[in-house]
>>> print(open('input09.csv').read())   # CSV, C-alpha atoms
chain,number,residue,atom,x,y,z
A,1,MET,CA,127.3,103.5,61.2
A,2,HIS,CA,125.0,104.8,58.5
A,3,GLU,CA,122.1,107.2,59.2
A,4,THR,CA,118.7,105.8,58.4
A,5,VAL,CA,117.4,107.0,55.0
A,6,TRP,CA,113.6,107.7,55.0
A,7,GLY,CA,111.2,107.5,52.1
A,8,LEU,CA,107.5,107.3,51.5
A,9,ALA,CA,106.1,103.9,52.7
A,10,ALA,CA,105.4,101.4,50.0
A,11,GLY,CA,101.8,101.8,48.8
A,12,ALA,CA,101.1,105.0,50.8
A,13,ARG,CA,98.3,107.0,49.3
A,14,LEU,CA,98.3,110.6,50.4
A,15,HIS,CA,95.9,113.4,49.6
A,16,TRP,CA,96.1,117.1,50.5
A,17,ARG,CA,93.9,120.1,50.9
A,18,GLU,CA,95.1,123.6,51.5
A,19,TRP,CA,93.3,126.7,52.7
A,20,GLU,CA,94.9,130.0,53.5
A,21,GLY,CA,98.3,128.3,54.0
A,22,GLU,CA,97.0,125.6,56.3
A,23,VAL,CA,97.4,122.1,55.0
A,24,VAL,CA,95.4,118.9,55.9
A,25,LEU,CA,96.7,115.5,54.9
A,26,PHE,CA,94.6,112.5,54.4
A,27,HIS,CA,96.4,109.2,54.6
A,28,GLU,CA,94.0,106.9,52.7
A,29,ASN,CA,95.6,103.7,53.9
A,30,SER,CA,94.6,104.4,57.5
A,31,ALA,CA,91.7,106.8,56.8
A,32,ASN,CA,93.4,109.3,59.2
A,33,ILE,CA,93.7,113.0,58.7
A,34,HIS,CA,96.4,115.3,60.1
A,35,GLN,CA,96.9,119.0,60.0
A,36,LEU,CA,100.5,119.8,59.1
A,37,SER,CA,102.7,122.7,60.0
A,38,PRO,CA,104.6,124.5,57.1
A,39,VAL,CA,107.8,122.6,58.2
A,40,ALA,CA,106.0,119.3,58.1
A,41,VAL,CA,104.4,119.9,54.7
A,42,THR,CA,107.7,120.9,53.2
A,43,ALA,CA,109.6,118.0,54.7
A,44,LEU,CA,107.0,115.4,53.7
A,45,ARG,CA,106.9,116.7,50.1
A,46,LEU,CA,110.7,116.5,50.0
A,47,LEU,CA,110.5,112.9,51.2
A,48,MET,CA,107.9,112.2,48.5
A,49,ASP,CA,110.4,113.5,45.9
A,50,GLU,CA,113.5,111.7,47.2
A,51,PRO,CA,114.5,109.6,50.2
A,52,ALA,CA,116.6,111.5,52.8
A,53,THR,CA,118.3,111.2,56.2
A,54,ASN,CA,117.2,113.4,59.0
A,55,ALA,CA,120.2,115.6,58.6
A,56,THR,CA,119.6,116.0,54.8
A,57,LEU,CA,116.0,116.7,55.4
A,58,VAL,CA,116.8,119.4,57.9
A,59,GLN,CA,119.1,121.1,55.3
A,60,LYS,CA,116.7,120.8,52.4
A,61,THR,CA,113.7,122.0,54.5
A,62,ALA,CA,115.6,125.0,55.7
A,63,SER,CA,116.6,125.8,52.2
A,64,CYS,CA,113.1,125.5,50.9
A,65,LEU,CA,111.6,127.7,53.6
A,66,ASP,CA,114.6,130.1,53.6
A,67,ILE,CA,115.1,129.6,57.4
A,68,ASP,CA,118.2,128.9,59.5
A,69,VAL,CA,119.3,125.4,60.3
A,70,ASP,CA,119.1,125.4,64.1
A,71,ALA,CA,118.4,123.2,67.1
A,72,PRO,CA,114.6,123.8,67.1
A,73,LEU,CA,114.3,122.9,63.4
A,74,GLN,CA,116.4,119.7,64.0
A,75,ASP,CA,114.1,118.8,66.9
A,76,ASP,CA,111.0,119.5,64.7
A,77,ILE,CA,112.3,117.2,61.9
A,78,ASP,CA,113.3,114.5,64.3
A,79,GLN,CA,109.8,114.5,65.9
A,80,LEU,CA,108.1,114.7,62.5
A,81,VAL,CA,110.1,111.7,61.1
A,82,SER,CA,109.3,109.7,64.2
A,83,GLN,CA,105.6,110.5,64.0
A,84,LEU,CA,105.4,109.8,60.2
A,85,ARG,CA,107.1,106.5,60.7
A,86,ARG,CA,104.8,105.5,63.5
A,87,LEU,CA,101.8,106.5,61.4
A,88,GLY,CA,103.0,104.2,58.5
A,89,ILE,CA,103.5,107.2,56.2
A,90,ILE,CA,107.2,106.8,55.8
A,91,GLN,CA,109.6,103.9,56.2
A,92,ALA,CA,113.4,103.2,56.2
A,93,VAL,CA,114.6,102.6,52.6
A,94,GLN,CA,117.8,101.4,51.1
A,95,PRO,CA,120.3,104.3,50.5
B,1,MET,CA,48.8,111.1,50.7
B,2,ILE,CA,50.3,112.6,53.9
B,3,VAL,CA,49.9,111.4,57.5
B,4,SER,CA,47.3,114.0,58.3
B,5,ASP,CA,45.0,112.8,55.5
B,6,LEU,CA,44.5,109.7,57.7
B,7,SER,CA,42.4,109.7,60.8
B,8,THR,CA,44.3,109.1,64.1
B,9,ALA,CA,42.6,105.7,64.1
B,10,GLY,CA,43.8,105.1,60.5
B,11,VAL,CA,47.4,105.9,61.5
B,12,SER,CA,47.1,103.6,64.5
B,13,ARG,CA,45.6,100.8,62.5
B,14,ARG,CA,48.3,100.9,59.8
B,15,LEU,CA,51.1,101.1,62.4
B,16,GLY,CA,49.6,98.2,64.3
B,17,LYS,CA,49.6,96.1,61.2
B,18,GLY,CA,53.0,97.3,60.1
B,19,GLN,CA,51.5,98.8,57.0
B,20,LEU,CA,52.6,102.4,57.4
B,21,PHE,CA,55.4,103.4,55.0
B,22,LEU,CA,56.7,106.9,55.9
B,23,ARG,CA,58.9,109.0,53.7
B,24,THR,CA,61.5,111.2,55.4
B,25,GLY,CA,63.9,112.8,53.0
B,26,PRO,CA,65.4,110.2,50.8
B,27,PHE,CA,64.3,107.3,53.0
B,28,ILE,CA,61.2,105.2,53.3
B,29,SER,CA,60.6,103.5,56.6
B,30,ARG,CA,58.2,100.7,57.3
B,31,ILE,CA,57.0,101.2,60.9
B,32,GLN,CA,55.1,98.7,63.1
B,33,THR,CA,54.0,99.5,66.6
B,34,SER,CA,50.9,99.1,68.8
B,35,ILE,CA,52.2,101.6,71.4
B,36,ALA,CA,49.7,104.4,71.7
B,37,SER,CA,52.3,107.2,72.5
B,38,ILE,CA,54.2,106.5,69.3
B,39,GLN,CA,51.1,106.2,67.2
B,40,SER,CA,49.9,109.6,68.5
B,41,GLY,CA,53.4,111.1,68.3
B,42,ILE,CA,53.6,110.1,64.6
B,43,ALA,CA,50.1,111.4,63.9
B,44,LEU,CA,51.0,114.7,65.4
B,45,LEU,CA,54.7,115.4,64.6
B,46,TYR,CA,54.8,113.7,61.2
B,47,ALA,CA,51.4,115.0,60.1
B,48,GLY,CA,52.8,116.6,56.9
B,49,PHE,CA,55.0,113.7,55.7
B,50,PRO,CA,54.2,111.5,52.7
B,51,VAL,CA,52.9,108.1,53.7
B,52,TYR,CA,52.1,105.0,51.7
B,53,ASP,CA,49.9,102.0,52.4
B,54,ASP,CA,52.4,99.9,50.5
B,55,ALA,CA,55.8,100.5,48.9
B,56,PRO,CA,57.9,98.3,46.7
B,57,PHE,CA,60.9,99.0,48.8
B,58,ALA,CA,61.6,100.3,52.3
B,59,ASP,CA,65.0,101.4,53.4
B,60,PHE,CA,64.3,100.6,57.1
B,61,HIS,CA,61.9,98.0,58.6
B,62,VAL,CA,61.5,99.0,62.3
B,63,ALA,CA,59.2,97.9,65.0
B,64,LEU,CA,58.7,99.2,68.6
B,65,GLU,CA,57.3,96.6,70.9
B,66,ARG,CA,56.6,96.0,74.6
B,67,PRO,CA,58.8,93.1,75.8
B,68,PRO,CA,56.7,89.9,76.3
B,69,ASN,CA,57.5,89.3,79.9
B,70,LEU,CA,56.7,90.7,83.3
B,71,ARG,CA,57.7,94.1,82.1
B,72,ARG,CA,54.3,94.3,80.4
B,73,TRP,CA,52.9,95.1,83.8
B,74,PHE,CA,55.8,96.0,86.1
B,75,ARG,CA,57.6,99.2,85.1
B,76,PRO,CA,56.7,98.7,81.4
B,77,GLN,CA,59.3,99.0,78.7
B,78,VAL,CA,59.7,99.5,75.0
B,79,THR,CA,62.1,97.7,72.6
B,80,PHE,CA,63.3,99.1,69.3
B,81,LYS,CA,63.7,96.5,66.6
B,82,PHE,CA,65.4,96.8,63.2
B,83,ASP,CA,64.8,93.8,60.8
B,84,GLY,CA,63.5,91.9,63.9
B,85,TRP,CA,66.7,92.6,65.8
B,86,ALA,CA,67.0,94.8,68.9
B,87,PRO,CA,70.2,96.8,68.8
B,88,PHE,CA,69.5,98.6,72.1
B,89,LYS,CA,68.4,97.7,75.6
B,90,PRO,CA,64.8,98.4,76.3
B,91,LEU,CA,63.8,101.8,77.7
B,92,PRO,CA,60.9,102.8,80.0
B,93,LEU,CA,57.6,102.9,78.1
B,94,ASN,CA,57.2,106.7,78.8
B,95,GLN,CA,60.3,107.2,76.5
B,96,ALA,CA,58.8,105.3,73.6
B,97,PHE,CA,58.5,108.2,71.1
B,98,ALA,CA,62.0,109.4,72.0
B,99,MET,CA,63.3,105.9,71.4
B,100,PHE,CA,61.6,105.8,68.0
B,101,GLU,CA,63.4,109.1,67.1
B,102,TRP,CA,66.7,107.8,68.3
B,103,GLY,CA,66.2,104.5,66.6
B,104,MET,CA,65.4,106.2,63.3
B,105,ASN,CA,68.7,108.2,63.6
B,106,TRP,CA,70.5,105.0,64.3
B,107,CYS,CA,69.1,103.5,61.1
B,108,VAL,CA,70.5,106.3,59.0
B,109,VAL,CA,73.8,106.5,60.7
B,110,ASN,CA,74.5,102.7,60.4
B,111,HIS,CA,73.0,102.0,57.0
B,112,ALA,CA,72.9,105.0,54.7
B,113,HIS,CA,76.5,104.8,53.5
B,114,ARG,CA,75.7,106.1,50.0
B,115,TYR,CA,75.8,109.4,51.8
B,116,LEU,CA,78.3,111.0,54.1
B,117,VAL,CA,76.5,111.5,57.4
B,118,LEU,CA,77.6,114.0,60.1
B,119,HIS,CA,76.3,114.7,63.6
B,120,ALA,CA,75.1,118.2,62.8
B,121,ALA,CA,72.0,120.4,62.3
B,122,VAL,CA,71.4,121.8,58.8
B,123,VAL,CA,69.2,124.8,57.9
B,124,GLU,CA,68.9,126.7,54.7
B,125,ARG,CA,67.9,130.1,53.2
B,126,ASN,CA,68.0,131.2,49.6
B,127,GLY,CA,69.3,127.8,48.6
B,128,CYS,CA,72.3,128.0,50.8
B,129,ALA,CA,72.8,125.6,53.7
B,130,MET,CA,74.4,126.2,57.1
B,131,ILE,CA,75.9,123.1,58.7
B,132,MET,CA,76.0,123.3,62.5
B,133,PRO,CA,78.1,120.5,64.1
B,134,ALA,CA,78.2,120.8,67.9
B,135,PRO,CA,78.6,118.6,70.9
B,136,PRO,CA,75.6,117.9,73.2
B,137,GLY,CA,74.8,120.9,75.4
B,138,SER,CA,76.0,123.5,72.9
B,139,GLY,CA,72.5,124.7,72.1
B,140,LYS,CA,72.6,123.4,68.6
B,141,SER,CA,69.0,122.1,68.5
B,142,THR,CA,67.7,125.2,70.3
B,143,LEU,CA,69.3,127.5,67.8
B,144,CYS,CA,68.1,125.2,65.0
B,145,ALA,CA,64.5,125.4,66.3
B,146,ALA,CA,64.7,129.2,66.6
B,147,LEU,CA,66.1,129.5,63.0
B,148,VAL,CA,63.5,127.3,61.4
B,149,SER,CA,60.8,129.1,63.4
B,150,SER,CA,62.2,132.4,61.9
B,151,GLY,CA,62.0,131.5,58.2
B,152,TRP,CA,65.0,129.2,57.6
B,153,ARG,CA,64.2,125.8,56.1
B,154,LEU,CA,64.9,122.8,58.2
B,155,LEU,CA,67.1,120.2,56.5
B,156,SER,CA,67.9,118.3,59.6
B,157,ASP,CA,68.1,118.8,63.3
B,158,GLU,CA,70.5,116.0,64.1
B,159,LEU,CA,72.0,114.4,60.9
B,160,ALA,CA,73.7,116.3,58.1
B,161,VAL,CA,73.2,114.0,55.0
B,162,ILE,CA,75.7,114.9,52.3
B,163,SER,CA,75.5,113.6,48.7
B,164,LEU,CA,78.9,112.1,47.7
B,165,ALA,CA,78.1,112.9,44.1
B,166,THR,CA,77.4,116.6,44.5
B,167,ALA,CA,78.5,117.5,48.0
B,168,GLY,CA,75.0,119.0,48.3
B,169,LEU,CA,73.0,118.8,51.5
B,170,VAL,CA,70.2,116.2,51.3
B,171,PRO,CA,67.1,117.2,53.5
B,172,LEU,CA,66.1,114.9,56.2
B,173,PRO,CA,63.6,117.1,58.0
B,174,ARG,CA,62.3,115.1,61.0
B,175,PRO,CA,61.0,116.5,64.3
B,176,VAL,CA,63.5,118.7,66.1
B,177,GLY,CA,64.7,117.2,69.4
B,178,LEU,CA,64.5,119.7,72.3
B,179,LYS,CA,65.9,119.1,75.8
B,180,ASN,CA,65.2,120.4,79.2
B,181,GLN,CA,65.0,124.3,79.4
B,182,SER,CA,65.0,124.5,75.6
B,183,ILE,CA,61.5,123.0,75.5
B,184,HIS,CA,60.1,125.9,77.6
B,185,VAL,CA,62.3,128.5,75.7
B,186,ILE,CA,61.0,127.5,72.3
B,187,HIS,CA,57.4,127.1,73.5
B,188,GLN,CA,57.5,130.6,75.0
B,189,ARG,CA,59.1,132.3,72.0
B,190,TYR,CA,57.1,130.5,69.3
B,191,PRO,CA,53.7,129.7,70.8
B,192,ASP,CA,52.4,128.4,67.4
B,193,ALA,CA,55.1,125.7,67.3
B,194,THR,CA,53.7,122.2,67.7
B,195,ILE,CA,55.6,120.3,70.4
B,196,GLY,CA,54.9,116.7,71.3
B,197,LYS,CA,54.6,115.2,74.8
B,198,ALA,CA,57.7,115.4,76.9
B,199,ALA,CA,59.5,112.3,78.1
B,200,HIS,CA,61.1,112.7,81.5
B,201,ASP,CA,64.2,111.1,83.1
B,202,THR,CA,65.8,110.0,79.8
B,203,THR,CA,69.6,109.8,79.6
B,204,LYS,CA,69.4,113.3,78.1
B,205,GLY,CA,67.0,114.7,80.7
B,206,THR,CA,63.5,115.8,79.7
B,207,VAL,CA,63.1,115.4,75.9
B,208,ALA,CA,60.3,116.7,73.6
B,209,HIS,CA,60.1,117.0,69.8
B,210,MET,CA,58.9,119.9,67.6
B,211,GLN,CA,57.0,119.4,64.4
B,212,PRO,CA,59.0,120.6,61.4
B,213,PRO,CA,57.6,123.5,59.4
B,214,ALA,CA,55.3,122.5,56.5
B,215,GLU,CA,57.5,124.1,53.9
B,216,SER,CA,60.5,122.1,55.0
B,217,ILE,CA,58.6,118.9,54.5
B,218,ALA,CA,57.2,120.0,51.2
B,219,ARG,CA,60.7,120.7,49.9
B,220,GLN,CA,62.3,117.6,51.4
B,221,GLN,CA,63.5,116.4,48.0
B,222,GLU,CA,65.3,119.7,47.3
B,223,GLU,CA,69.0,119.6,48.0
B,224,ALA,CA,70.9,122.8,49.1
B,225,ARG,CA,74.4,123.9,48.5
B,226,PRO,CA,76.8,124.2,51.4
B,227,ALA,CA,77.5,127.9,52.3
B,228,TRP,CA,78.4,128.1,55.9
B,229,VAL,CA,79.9,125.8,58.6
B,230,LEU,CA,79.0,127.2,62.0
B,231,PHE,CA,80.2,125.9,65.4
B,232,PRO,CA,77.6,127.3,67.9
B,233,LYS,CA,78.1,127.5,71.6
B,234,TYR,CA,75.5,128.7,74.1
B,235,THR,CA,77.2,130.4,77.1
B,236,PRO,CA,74.9,132.1,79.6
B,237,GLY,CA,75.7,135.8,79.9
B,238,HIS,CA,78.1,135.8,77.0
B,239,ALA,CA,78.0,138.6,74.6
B,240,LEU,CA,77.3,137.6,71.0
B,241,GLU,CA,80.6,136.7,69.3
B,242,LEU,CA,80.8,135.6,65.7
B,243,GLN,CA,84.4,134.8,64.5
B,244,ARG,CA,85.8,133.4,61.3
B,245,TYR,CA,87.3,130.0,61.9
B,246,SER,CA,90.1,128.2,60.1
B,247,LYS,CA,89.0,126.1,57.2
B,248,ALA,CA,91.6,123.4,57.9
B,249,GLN,CA,90.4,123.2,61.6
B,250,SER,CA,86.8,123.2,60.3
B,251,LEU,CA,87.5,120.2,58.1
B,252,LEU,CA,89.1,118.3,61.1
B,253,LYS,CA,86.0,119.1,63.2
B,254,LEU,CA,83.6,117.9,60.5
B,255,VAL,CA,85.6,114.6,60.3
B,256,GLU,CA,85.3,114.3,64.1
B,257,ASN,CA,81.5,114.6,63.7
B,258,ALA,CA,81.3,112.2,60.7
B,259,PHE,CA,79.7,108.8,61.4
B,260,ASN,CA,81.0,107.0,58.3
B,261,PHE,CA,84.2,108.9,57.3
B,262,THR,CA,86.4,105.8,57.7
B,263,VAL,CA,83.8,103.6,55.8
B,264,LEU,CA,83.9,106.0,52.8
B,265,GLY,CA,87.6,107.0,53.0
B,266,LYS,CA,88.8,109.2,50.1
B,267,GLN,CA,85.2,109.8,48.9
B,268,ALA,CA,84.4,111.3,52.2
B,269,PHE,CA,87.6,113.4,52.3
B,270,ASP,CA,86.9,114.8,48.8
B,271,CYS,CA,83.3,115.5,49.7
B,272,LEU,CA,84.2,117.3,52.9
B,273,GLY,CA,86.9,119.2,51.1
B,274,GLN,CA,84.4,120.4,48.6
B,275,VAL,CA,82.0,121.4,51.4
B,276,ILE,CA,84.8,123.5,53.0
B,277,ASP,CA,85.8,125.0,49.7
B,278,ASP,CA,82.3,126.3,49.2
B,279,SER,CA,81.7,127.4,52.8
B,280,ASP,CA,82.6,130.3,55.0
B,281,CYS,CA,83.4,128.9,58.5
B,282,PHE,CA,82.6,130.5,61.8
B,283,THR,CA,82.3,130.0,65.5
B,284,LEU,CA,79.4,131.6,67.3
B,285,GLU,CA,79.2,132.1,71.0
B,286,TYR,CA,75.9,133.5,72.2
B,287,SER,CA,73.5,133.8,75.1
B,288,SER,CA,70.6,135.6,73.4
B,289,LEU,CA,68.7,133.6,70.7
B,290,ASP,CA,67.3,136.9,69.2
B,291,GLU,CA,70.8,138.2,68.7
B,292,ALA,CA,72.1,134.9,67.3
B,293,VAL,CA,69.2,134.6,64.8
B,294,SER,CA,69.6,138.3,63.8
B,295,GLN,CA,73.4,137.8,63.3
B,296,LEU,CA,72.9,134.7,61.2
B,297,ASN,CA,70.2,136.3,59.1
B,298,ALA,CA,72.7,139.0,58.2
B,299,LEU,CA,75.5,136.7,57.0
B,300,GLU,CA,76.7,137.3,53.5
B,301,ILE,CA,76.1,134.5,51.0
B,302,PRO,CA,79.6,133.2,49.9
B,303,ALA,CA,80.3,133.4,46.2
B,304,PRO,CA,80.0,129.6,45.3
B,305,CYS,CA,76.5,129.6,46.6
B,306,ALA,CA,75.3,133.0,45.3
>>> encode(input="input09.csv", output="C-alpha cells")
Amino acid sequence: MHETVWGLAAGARLHWREWEGEVVLFHENSANIHQLSPVAVTALRLLMDEPATNATLVQKTASCLDIDVDAPLQDDIDQLVSQLRRLGIIQAVQP
Amino acid sequence: MIVSDLSTAGVSRRLGKGQLFLRTGPFISRIQTSIASIQSGIALLYAGFPVYDDAPFADFHVALERPPNLRRWFRPQVTFKFDGWAPFKPLPLNQAFAMFEWGMNWCVVNHAHRYLVLHAAVVERNGCAMIMPAPPGSGKSTLCAALVSSGWRLLSDELAVISLATAGLVPLPRPVGLKNQSIHVIHQRYPDATIGKAAHDTTKGTVAHMQPPAESIARQQEEARPAWVLFPKYTPGHALELQRYSKAQSLLKLVENAFNFTVLGKQAFDCLGQVIDDSDCFTLEYSSLDEAVSQLNALEIPAPCA
C-alpha cells in the first residue's frame, strides 16, 4: 500500500508575515490566519516546493532545520499534515 | 458651522426635522430625533463638531424614535433606526443617548468597509498613534480618557479606523464612553472634563460619555501613523508592568478585534501587517492611572514614525 503524497491544495493562496522568527500565515481562501511553529513553516514551505509523504517530509524537515529525526518530530509532522488537510491548505496528490 | 454655533433650540429644531447633518471623522450622519435627552446630549457632547443644514450626501441616515404604542406612556422606550429599519430591540428611554452612541458605532462597523475597523481606542502624540485593543472591563476607555485629558489627541475611544491605502489611523473622535466607577474616577481627576448625563441599568451598567477635547475635533481630518500597539489591563493593586509583546501574537489579537477582516481578506492582512511592521507592541498591566499615563508618555517613538 502506498503512503499518501501531500501537496498544496489546488488554488490555495497563502501569504506570510514574519517578525523576530515568528511566522503568521494567512490562508486567503478561508480568510483564516495561523501562527506557525518553525517546524510547521519549514514543512509547509517544503510541501509548496514539492509534494511529499509524511515520512519524506519528516526527513526533509529534519535536514532543513538540522535536527534529529525522532518520534516527537514524526508526531509533529503527522499532526501538522492532518491539520493542514483539515484546513484545506494541502490535499492528497498523485505521486 | 459647528454645533455650538446653534442655540439648543436650533439643534433641537434641526434634529426634530431630520435636518441635522453631523460630521464625525470621515463620516456625515443625518440624524432625526425628537427625544429631548438625545437633543441635549448632542448639543453638549458634540458642541465642537461641524454641522450642516444640508449635505449632498450622508453616509448614515439614522433616527431615534419612541415606539408608537403603549410604550409611549408605560415604561417608555427608544428605537434606533437606520434607513428606516430597526436593527436592535428598543431600550428604555433613559438609555436613549447611549443607544444613539452604540447605534452610531454599529453604522461604522457594518457599513464602512472602505476602512479596516477594529474594536480599539486610538490616541496620538507627535503624529504617532497608539492602538489599544482590549476586551470590556480592561480599563481601555478609562485609560483613553486619562490620556486625552493629559495632552494626547483622541482619534477614537471605541473604533480604530484604518486606511487600507496608507495603513494610517483615521480619526473618529466621538464622545468617550465611561462605565460605572470610571465615570467618578475621570470626574474627580479631571474636573474640567464635560461629562454627559449618566444612563443607569444598561447592559453595561451605568454609562456616561465625555466630550472629546476641542483640539481632537479640530484635527479630525488629520491621519496619524501607527507607532504602538498596546494591550492594557487594569488590575486593582497590581504594580505597573509594561512588557514588550510578540508582533506575531499582536497581529493575531488585532485580527480577533477586527470587525471586517473576513470581508476585506488580503487587503486587511496586508494592512495589519503594515501596522505591526511600523509599531512597537506592548502589554500594560496597571492599577494607577497616574503611573500608566506617565509610563506611556515616556515611550520612545519607533523609527518608522519618527
>>> interface_residues(input="input09.csv", of="chain A", to="chain B", cutoff="10 Å", atoms="only C-alpha atoms", output="list in words")
Arg13, Leu14, His15, Trp16, Arg17, Glu18, Trp19, Glu20, Gly21, Glu22, Val23, Val24, Leu25, Phe26, His27, Glu28, Asn29, Ser30, Ala31, Asn32, Ile33, His34, Gln35 and Leu36 of chain A
>>> atom_distance(input="input09.csv", atom1="CA of Met210 (chain B)", atom2="CA of Glu222 (chain B)")
21.3 Å
>>> residues_around(input="input09.csv", residues="region 42-56 of chain A", least_positions_apart="4", cutoff="8 Å", atoms="only C-alpha atoms", output="PyMOL selection string")
chain A and resi 3-8+38+60-61+64-65+74+77-78+81+93+95
>>> write_last_selection(input="input09.csv", atoms="C-alpha atoms", output="PDB file, in the frame of the given file")
ATOM      1  CA  GLU A   3     122.100 107.200  59.200  1.00  0.00           C
ATOM      2  CA  THR A   4     118.700 105.800  58.400  1.00  0.00           C
ATOM      3  CA  VAL A   5     117.400 107.000  55.000  1.00  0.00           C
ATOM      4  CA  TRP A   6     113.600 107.700  55.000  1.00  0.00           C
ATOM      5  CA  GLY A   7     111.200 107.500  52.100  1.00  0.00           C
ATOM      6  CA  LEU A   8     107.500 107.300  51.500  1.00  0.00           C
ATOM      7  CA  PRO A  38     104.600 124.500  57.100  1.00  0.00           C
ATOM      8  CA  LYS A  60     116.700 120.800  52.400  1.00  0.00           C
ATOM      9  CA  THR A  61     113.700 122.000  54.500  1.00  0.00           C
ATOM     10  CA  CYS A  64     113.100 125.500  50.900  1.00  0.00           C
ATOM     11  CA  LEU A  65     111.600 127.700  53.600  1.00  0.00           C
ATOM     12  CA  GLN A  74     116.400 119.700  64.000  1.00  0.00           C
ATOM     13  CA  ILE A  77     112.300 117.200  61.900  1.00  0.00           C
ATOM     14  CA  ASP A  78     113.300 114.500  64.300  1.00  0.00           C
ATOM     15  CA  VAL A  81     110.100 111.700  61.100  1.00  0.00           C
ATOM     16  CA  VAL A  93     114.600 102.600  52.600  1.00  0.00           C
ATOM     17  CA  PRO A  95     120.300 104.300  50.500  1.00  0.00           C
TER      18      PRO A  95
END
>>> atom_distance(input="input09.csv", atom1="CA of Gly103 (chain B)", atom2="CA of Pro191 (chain B)")
28.4 Å
>>> residues_around(input="input09.csv", residues="Ile2 (chain B)", least_positions_apart="5", cutoff="6 Å", atoms="all atoms listed in the file", output="ChimeraX atom specification")
/B:48-51
>>> write_last_selection(input="input09.csv", atoms="C-alpha atoms", output="PDB file, in the coordinates of the input")
ATOM      1  CA  GLY B  48      52.800 116.600  56.900  1.00  0.00           C
ATOM      2  CA  PHE B  49      55.000 113.700  55.700  1.00  0.00           C
ATOM      3  CA  PRO B  50      54.200 111.500  52.700  1.00  0.00           C
ATOM      4  CA  VAL B  51      52.900 108.100  53.700  1.00  0.00           C
TER       5      VAL B  51
END
>>> residues_around(input="input09.csv", residues="Tyr245 (chain B)", least_positions_apart="2", cutoff="10 Å", atoms="all atoms listed in the file", output="PyMOL selection string")
chain B and resi 229-231+242-243+247-250+280-284
>>> closest_residue(input="input09.csv", among="B:Pro135, B:Pro304, B:Pro175, B:Gly18", to="Ala55 (chain B)", atoms="all atoms listed in the file")
B:Gly18
>>> closest_residue(input="input09.csv", among="B:Ala306, B:Leu116, B:Val108, B:Cys144", to="Asp157 (chain B)", atoms="all atoms listed in the file")
B:Cys144
>>> atom_distance(input="input09.csv", atom1="CA of Thr202 (chain B)", atom2="CA of Leu154 (chain B)")
25.1 Å
>>> residues_near_point(input="input09.csv", point="(74.1, 140.5, 70.1)", cutoff="7 Å", atoms="only C-alpha atoms", output="PDB file with C-alpha atoms, in the frame of the given file")
ATOM      1  CA  ALA B 239      78.000 138.600  74.600  1.00  0.00           C
ATOM      2  CA  LEU B 240      77.300 137.600  71.000  1.00  0.00           C
ATOM      3  CA  SER B 288      70.600 135.600  73.400  1.00  0.00           C
ATOM      4  CA  GLU B 291      70.800 138.200  68.700  1.00  0.00           C
ATOM      5  CA  ALA B 292      72.100 134.900  67.300  1.00  0.00           C
TER       6      ALA B 292
END
>>> residues_around(input="input09.csv", residues="Ala167 (chain B)", least_positions_apart="5", cutoff="8 Å", atoms="only C-alpha atoms", output="list of chain:residue names")
B:Ile162, B:Arg225, B:Pro226, B:Cys271, B:Leu272, B:Gln274, B:Val275
>>> residues_around(input="input09.csv", residues="Val207 (chain B)", least_positions_apart="2", cutoff="10 Å", atoms="all atoms listed in the file", output="JSON, numbers by chain")
{"B": [95, 97, 98, 177, 178, 179, 180, 181, 182, 183, 196, 197, 198, 199, 200, 201, 202, 203, 204, 205, 209]}
>>> write_last_selection(input="input09.csv", atoms="C-alpha atoms", output="compact mmCIF listing (two decimals), keeping the file's coordinate frame")
# COMPACT_ATOMS: atom_id res chain seq x y z
CA GLN B 95 60.30 107.20 76.50
CA PHE B 97 58.50 108.20 71.10
CA ALA B 98 62.00 109.40 72.00
CA GLY B 177 64.70 117.20 69.40
CA LEU B 178 64.50 119.70 72.30
CA LYS B 179 65.90 119.10 75.80
CA ASN B 180 65.20 120.40 79.20
CA GLN B 181 65.00 124.30 79.40
CA SER B 182 65.00 124.50 75.60
CA ILE B 183 61.50 123.00 75.50
CA GLY B 196 54.90 116.70 71.30
CA LYS B 197 54.60 115.20 74.80
CA ALA B 198 57.70 115.40 76.90
CA ALA B 199 59.50 112.30 78.10
CA HIS B 200 61.10 112.70 81.50
CA ASP B 201 64.20 111.10 83.10
CA THR B 202 65.80 110.00 79.80
CA THR B 203 69.60 109.80 79.60
CA LYS B 204 69.40 113.30 78.10
CA GLY B 205 67.00 114.70 80.70
CA HIS B 209 60.10 117.00 69.80
>>> closest_residue(input="input09.csv", among="B:Ser29, B:Ile131, B:Trp102, B:Val122", to="Asp83 (chain B)", atoms="all atoms listed in the file")
B:Ser29
>>> closest_residue(input="input09.csv", among="B:Glu223, B:Lys17, B:Arg114, B:Ala214", to="Ser4 (chain B)", atoms="all atoms listed in the file")
B:Ala214
>>> residues_near_point(input="input09.csv", point="(106.7, 105.4, 54.5)", cutoff="9 Å", atoms="only C-alpha atoms", output="PDB file with C-alpha atoms, in the coordinates of the input")
ATOM      1  CA  TRP A   6     113.600 107.700  55.000  1.00  0.00           C
ATOM      2  CA  GLY A   7     111.200 107.500  52.100  1.00  0.00           C
ATOM      3  CA  LEU A   8     107.500 107.300  51.500  1.00  0.00           C
ATOM      4  CA  ALA A   9     106.100 103.900  52.700  1.00  0.00           C
ATOM      5  CA  ALA A  10     105.400 101.400  50.000  1.00  0.00           C
ATOM      6  CA  GLY A  11     101.800 101.800  48.800  1.00  0.00           C
ATOM      7  CA  ALA A  12     101.100 105.000  50.800  1.00  0.00           C
ATOM      8  CA  LEU A  84     105.400 109.800  60.200  1.00  0.00           C
ATOM      9  CA  ARG A  85     107.100 106.500  60.700  1.00  0.00           C
ATOM     10  CA  LEU A  87     101.800 106.500  61.400  1.00  0.00           C
ATOM     11  CA  GLY A  88     103.000 104.200  58.500  1.00  0.00           C
ATOM     12  CA  ILE A  89     103.500 107.200  56.200  1.00  0.00           C
ATOM     13  CA  ILE A  90     107.200 106.800  55.800  1.00  0.00           C
ATOM     14  CA  GLN A  91     109.600 103.900  56.200  1.00  0.00           C
ATOM     15  CA  ALA A  92     113.400 103.200  56.200  1.00  0.00           C
ATOM     16  CA  VAL A  93     114.600 102.600  52.600  1.00  0.00           C
TER      17      VAL A  93
END
>>> closest_residue(input="input09.csv", among="B:Gln220, B:Asn110, B:Asn257, B:Ser34", to="Leu155 (chain B)", atoms="all atoms listed in the file")
B:Gln220
